[in-house]
Amino acid sequence: ETGVTQSPTHLIKTRGQQVTLRCSSQSGHNTVSWYQQALGQGPQFIFQYYREEENGRGNFPPRFSGLQFPNYSSELNVNALELDDSALYLCASSLGTSFSGELFFGEGSRLTVL
Amino acid sequence: DQQVKQNSPSLSVQEGRISILNCDYTNSMFDYFLWYKKYPAEGPTFLISISSIKDKNEDGRFTVFLNKSAKHLSLHIVPSQPGDSAVYFCAAPRTGNQFYFGTGTSLTVIP
């Protein structure tokens, strides 16, 4: 059984650039959730994708967007990067969207915006 | 607004003693709560949960207590072991399995 994998693990961008982060869900999981963890903070919910459709969004601006593919892998795209976007971005996969669908997190992608 | 709060950023405990990690929440409609544990360079992993219809849930060395009137939950680890050193997050559902997380408490268990 393959766990959740994220790429890249680290990256550095400059303000105004765009970034794409990728996540491969655990085998058999059809739901992917993305979280942003800023330094010293807890993970904050960005959005969730279920069967290729957005299924809930947190308090993040539209320049944060996502996709889920037929194999249930997912991308997080952030446009017009700002310094405050520097954070660890965590992807979590689950089987379904109900409360019983345990989240399995990847190791995260650490984004630094200069 | 912070729906789930962990007011202690860090905690140090001697090996073998009890570790108590606290969490407060604002929304009385939350119907269950979870604790996640995170080691450096790893993603958070699920530790234990509790339904709002219970006031205690136990799993081995880990026990979570829920005080609904105080909107407070706590995680007890007994006995604490050096391998328990990690950051612990409490979480509550915004809906389904989409969560509000607290800011975390970094636990250090001293051998």
# chains A, B, ... in the order shown; residues from 1 in each chain; ligands from 1

call {"tool": "residues_around", "arguments": {"residues": "Gly16 of chain A", "least_positions_apart": "2", "cutoff": "9 Å", "atoms": "only C-alpha atoms", "output": "count of residues only"}}
result
7

call {"tool": "closest_atom_pairs", "arguments": {"of": "chain A", "to": "chain B", "cutoff": "6 Å", "atoms": "only C-alpha atoms", "output": "CSV"}}
result
residue,atom,partner,partner_atom,distance
A:Gln41,CA,B:Thr103,CA,4.6
A:Gly42,CA,B:Thr103,CA,4.0
A:Pro43,CA,B:Phe101,CA,5.8
A:Thr97,CA,B:Asn97,CA,5.6
A:Ser98,CA,B:Gly96,CA,4.3
A:Phe99,CA,B:Gly96,CA,4.4
A:Phe105,CA,B:Gly43,CA,5.1
A:Gly106,CA,B:Gly43,CA,5.1
A:Glu107,CA,B:Gly43,CA,4.3

call {"tool": "residues_around", "arguments": {"residues": "Thr63 of chain B", "least_positions_apart": "5", "cutoff": "6 Å", "atoms": "only C-alpha atoms", "output": "JSON, numbers by chain"}}
result
{"B": [57, 58, 75, 76]}

call {"tool": "write_last_selection", "arguments": {"atoms": "C-alpha atoms", "output": "JSON list (two decimals), in the first residue's frame"}}
result
[["chain", "number", "residue", "atom", "x", "y", "z"],
["B", 57, "ASN", "CA", -12.09, 7.76, 25.48],
["B", 58, "GLU", "CA", -9.11, 5.60, 26.21],
["B", 75, "LEU", "CA", -5.17, 14.50, 26.21],
["B", 76, "HIS", "CA", -3.47, 12.48, 28.93]]

call {"tool": "select_by_dssp", "arguments": {"residues": "segment 17-105 of chain A", "states": "strand (DSSP E or B)", "output": "NGL selection string"}}
result
:A and (19-24 or 31-37 or 44-50 or 53-57 or 64-68 or 74-78 or 87-94 or 104-105)

call {"tool": "closest_residue", "arguments": {"among": "A:Gly96, A:Gly3, A:Pro8, A:Pro61", "to": "Ser33 of chain A", "atoms": "only C-alpha atoms"}}
result
A:Gly96

call {"tool": "residues_around", "arguments": {"residues": "Leu66 of chain B", "least_positions_apart": "4", "cutoff": "7 Å", "atoms": "only C-alpha atoms", "output": "ChimeraX atom specification"}}
result
/B:55-56,72-74

call {"tool": "write_last_selection", "arguments": {"atoms": "N, CA and C atoms", "output": "PDB file, in the first residue's frame"}}
result
ATOM      1  N   ASP B  55     -17.595  11.445  27.557  1.00  0.00           N
ATOM      2  CA  ASP B  55     -16.713  12.368  28.251  1.00  0.00           C
ATOM      3  C   ASP B  55     -15.303  11.815  28.416  1.00  0.00           C
ATOM      4  N   LYS B  56     -15.088  10.600  27.922  1.00  0.00           N
ATOM      5  CA  LYS B  56     -13.770   9.986  28.039  1.00  0.00           C
ATOM      6  C   LYS B  56     -13.625   8.927  26.956  1.00  0.00           C
ATOM      7  N   HIS B  72     -13.897  22.258  26.681  1.00  0.00           N
ATOM      8  CA  HIS B  72     -12.487  21.966  26.930  1.00  0.00           C
ATOM      9  C   HIS B  72     -12.244  20.470  26.765  1.00  0.00           C
ATOM     10  N   LEU B  73     -11.152  20.125  26.115  1.00  0.00           N
ATOM     11  CA  LEU B  73     -10.740  18.733  26.107  1.00  0.00           C
ATOM     12  C   LEU B  73      -9.257  18.641  26.437  1.00  0.00           C
ATOM     13  N   SER B  74      -8.884  17.475  26.937  1.00  0.00           N
ATOM     14  CA  SER B  74      -7.492  17.281  27.298  1.00  0.00           C
ATOM     15  C   SER B  74      -7.061  15.875  26.884  1.00  0.00           C
TER      16      SER B  74
END

call {"tool": "residues_around", "arguments": {"residues": "Asp84 of chain A", "least_positions_apart": "4", "cutoff": "10 Å", "atoms": "only C-alpha atoms", "output": "list in words"}}
result
Arg15, Ala38, Thr112, Val113 and Leu114 of chain A

call {"tool": "residues_around", "arguments": {"residues": "Gly16 of chain B", "least_positions_apart": "6", "cutoff": "8 Å", "atoms": "only C-alpha atoms", "output": "VMD selection string"}}
result
chain B and resid 78 to 81

call {"tool": "write_last_selection", "arguments": {"atoms": "C-alpha atoms", "output": "CSV table (one decimal), in the first residue's frame"}}
result
chain,number,residue,atom,x,y,z
B,78,VAL,CA,0.5,7.9,30.9
B,79,PRO,CA,3.3,6.9,31.3
B,80,SER,CA,5.1,9.4,29.0
B,81,GLN,CA,7.9,8.0,26.9

call {"tool": "residues_around", "arguments": {"residues": "segment 107-110 of chain B", "least_positions_apart": "4", "cutoff": "10 Å", "atoms": "only C-alpha atoms", "output": "PDB file with N, CA and C atoms, in the first residue's frame"}}
result
ATOM      1  N   SER B   8      -1.004  26.356  25.252  1.00  0.00           N
ATOM      2  CA  SER B   8       0.355  26.045  25.688  1.00  0.00           C
ATOM      3  C   SER B   8       1.177  25.620  24.491  1.00  0.00           C
ATOM      4  N   PRO B   9       2.116  26.449  24.044  1.00  0.00           N
ATOM      5  CA  PRO B   9       2.904  26.081  22.859  1.00  0.00           C
ATOM      6  C   PRO B   9       3.858  24.922  23.128  1.00  0.00           C
ATOM      7  N   SER B  10       4.255  24.747  24.394  1.00  0.00           N
ATOM      8  CA  SER B  10       5.215  23.688  24.679  1.00  0.00           C
ATOM      9  C   SER B  10       5.000  23.132  26.076  1.00  0.00           C
ATOM     10  N   LEU B  11       5.476  21.902  26.245  1.00  0.00           N
ATOM     11  CA  LEU B  11       5.350  21.200  27.518  1.00  0.00           C
ATOM     12  C   LEU B  11       6.522  20.238  27.635  1.00  0.00           C
ATOM     13  N   SER B  12       7.158  20.231  28.801  1.00  0.00           N
ATOM     14  CA  SER B  12       8.241  19.269  29.077  1.00  0.00           C
ATOM     15  C   SER B  12       7.854  18.406  30.253  1.00  0.00           C
ATOM     16  N   VAL B  13       8.087  17.105  30.114  1.00  0.00           N
ATOM     17  CA  VAL B  13       7.677  16.140  31.133  1.00  0.00           C
ATOM     18  C   VAL B  13       8.775  15.095  31.269  1.00  0.00           C
ATOM     19  N   GLN B  14       8.968  14.630  32.480  1.00  0.00           N
ATOM     20  CA  GLN B  14       9.928  13.550  32.705  1.00  0.00           C
ATOM     21  C   GLN B  14       9.344  12.220  32.229  1.00  0.00           C
ATOM     22  N   GLU B  15      10.212  11.387  31.711  1.00  0.00           N
ATOM     23  CA  GLU B  15       9.798  10.046  31.295  1.00  0.00           C
ATOM     24  C   GLU B  15       9.116   9.330  32.448  1.00  0.00           C
ATOM     25  N   GLY B  16       8.009   8.662  32.152  1.00  0.00           N
ATOM     26  CA  GLY B  16       7.275   7.916  33.158  1.00  0.00           C
ATOM     27  C   GLY B  16       6.172   8.700  33.830  1.00  0.00           C
ATOM     28  N   ARG B  17       6.237  10.046  33.739  1.00  0.00           N
ATOM     29  CA  ARG B  17       5.204  10.870  34.359  1.00  0.00           C
ATOM     30  C   ARG B  17       4.049  11.081  33.388  1.00  0.00           C
ATOM     31  N   ILE B  18       3.014  11.760  33.858  1.00  0.00           N
ATOM     32  CA  ILE B  18       1.857  12.046  33.026  1.00  0.00           C
ATOM     33  C   ILE B  18       2.067  13.323  32.223  1.00  0.00           C
ATOM     34  N   SER B  19       1.663  13.289  30.974  1.00  0.00           N
ATOM     35  CA  SER B  19       1.619  14.496  30.135  1.00  0.00           C
ATOM     36  C   SER B  19       0.150  14.858  29.958  1.00  0.00           C
ATOM     37  N   ILE B  20      -0.163  16.128  30.146  1.00  0.00           N
ATOM     38  CA  ILE B  20      -1.537  16.604  29.950  1.00  0.00           C
ATOM     39  C   ILE B  20      -1.515  17.764  28.966  1.00  0.00           C
ATOM     40  N   LEU B  21      -2.164  17.563  27.838  1.00  0.00           N
ATOM     41  CA  LEU B  21      -2.232  18.585  26.808  1.00  0.00           C
ATOM     42  C   LEU B  21      -3.673  19.075  26.718  1.00  0.00           C
ATOM     43  N   LYS B  37      -0.841  13.785  15.959  1.00  0.00           N
ATOM     44  CA  LYS B  37       0.541  13.863  16.437  1.00  0.00           C
ATOM     45  C   LYS B  37       1.430  14.078  15.227  1.00  0.00           C
ATOM     46  N   SER B  80       4.452   8.726  30.131  1.00  0.00           N
ATOM     47  CA  SER B  80       5.074   9.375  28.979  1.00  0.00           C
ATOM     48  C   SER B  80       6.392   8.689  28.635  1.00  0.00           C
ATOM     49  N   GLN B  81       6.655   8.602  27.338  1.00  0.00           N
ATOM     50  CA  GLN B  81       7.879   7.970  26.853  1.00  0.00           C
ATOM     51  C   GLN B  81       8.607   8.935  25.928  1.00  0.00           C
ATOM     52  N   PRO B  82       9.926   8.816  25.811  1.00  0.00           N
ATOM     53  CA  PRO B  82      10.671   9.736  24.930  1.00  0.00           C
ATOM     54  C   PRO B  82      10.138   9.742  23.493  1.00  0.00           C
ATOM     55  N   GLY B  83       9.659   8.619  23.014  1.00  0.00           N
ATOM     56  CA  GLY B  83       9.085   8.553  21.672  1.00  0.00           C
ATOM     57  C   GLY B  83       7.799   9.335  21.498  1.00  0.00           C
ATOM     58  N   ASP B  84       7.221   9.794  22.605  1.00  0.00           N
ATOM     59  CA  ASP B  84       6.017  10.628  22.531  1.00  0.00           C
ATOM     60  C   ASP B  84       6.358  12.087  22.217  1.00  0.00           C
ATOM     61  N   SER B  85       7.629  12.429  22.229  1.00  0.00           N
ATOM     62  CA  SER B  85       8.045  13.804  21.924  1.00  0.00           C
ATOM     63  C   SER B  85       7.650  14.146  20.497  1.00  0.00           C
ATOM     64  N   ALA B  86       6.767  15.102  20.363  1.00  0.00           N
ATOM     65  CA  ALA B  86       6.185  15.470  19.067  1.00  0.00           C
ATOM     66  C   ALA B  86       5.321  16.706  19.284  1.00  0.00           C
ATOM     67  N   VAL B  87       4.756  17.204  18.205  1.00  0.00           N
ATOM     68  CA  VAL B  87       3.761  18.270  18.307  1.00  0.00           C
ATOM     69  C   VAL B  87       2.375  17.629  18.235  1.00  0.00           C
ATOM     70  N   TYR B  88       1.510  18.013  19.156  1.00  0.00           N
ATOM     71  CA  TYR B  88       0.164  17.461  19.224  1.00  0.00           C
ATOM     72  C   TYR B  88      -0.851  18.550  18.868  1.00  0.00           C
TER      73      TYR B  88
END

call {"tool": "atom_distance", "arguments": {"atom1": "atom CA of Gln36 of chain A", "atom2": "atom CA of Pro70 of chain A"}}
result
24.0 Å
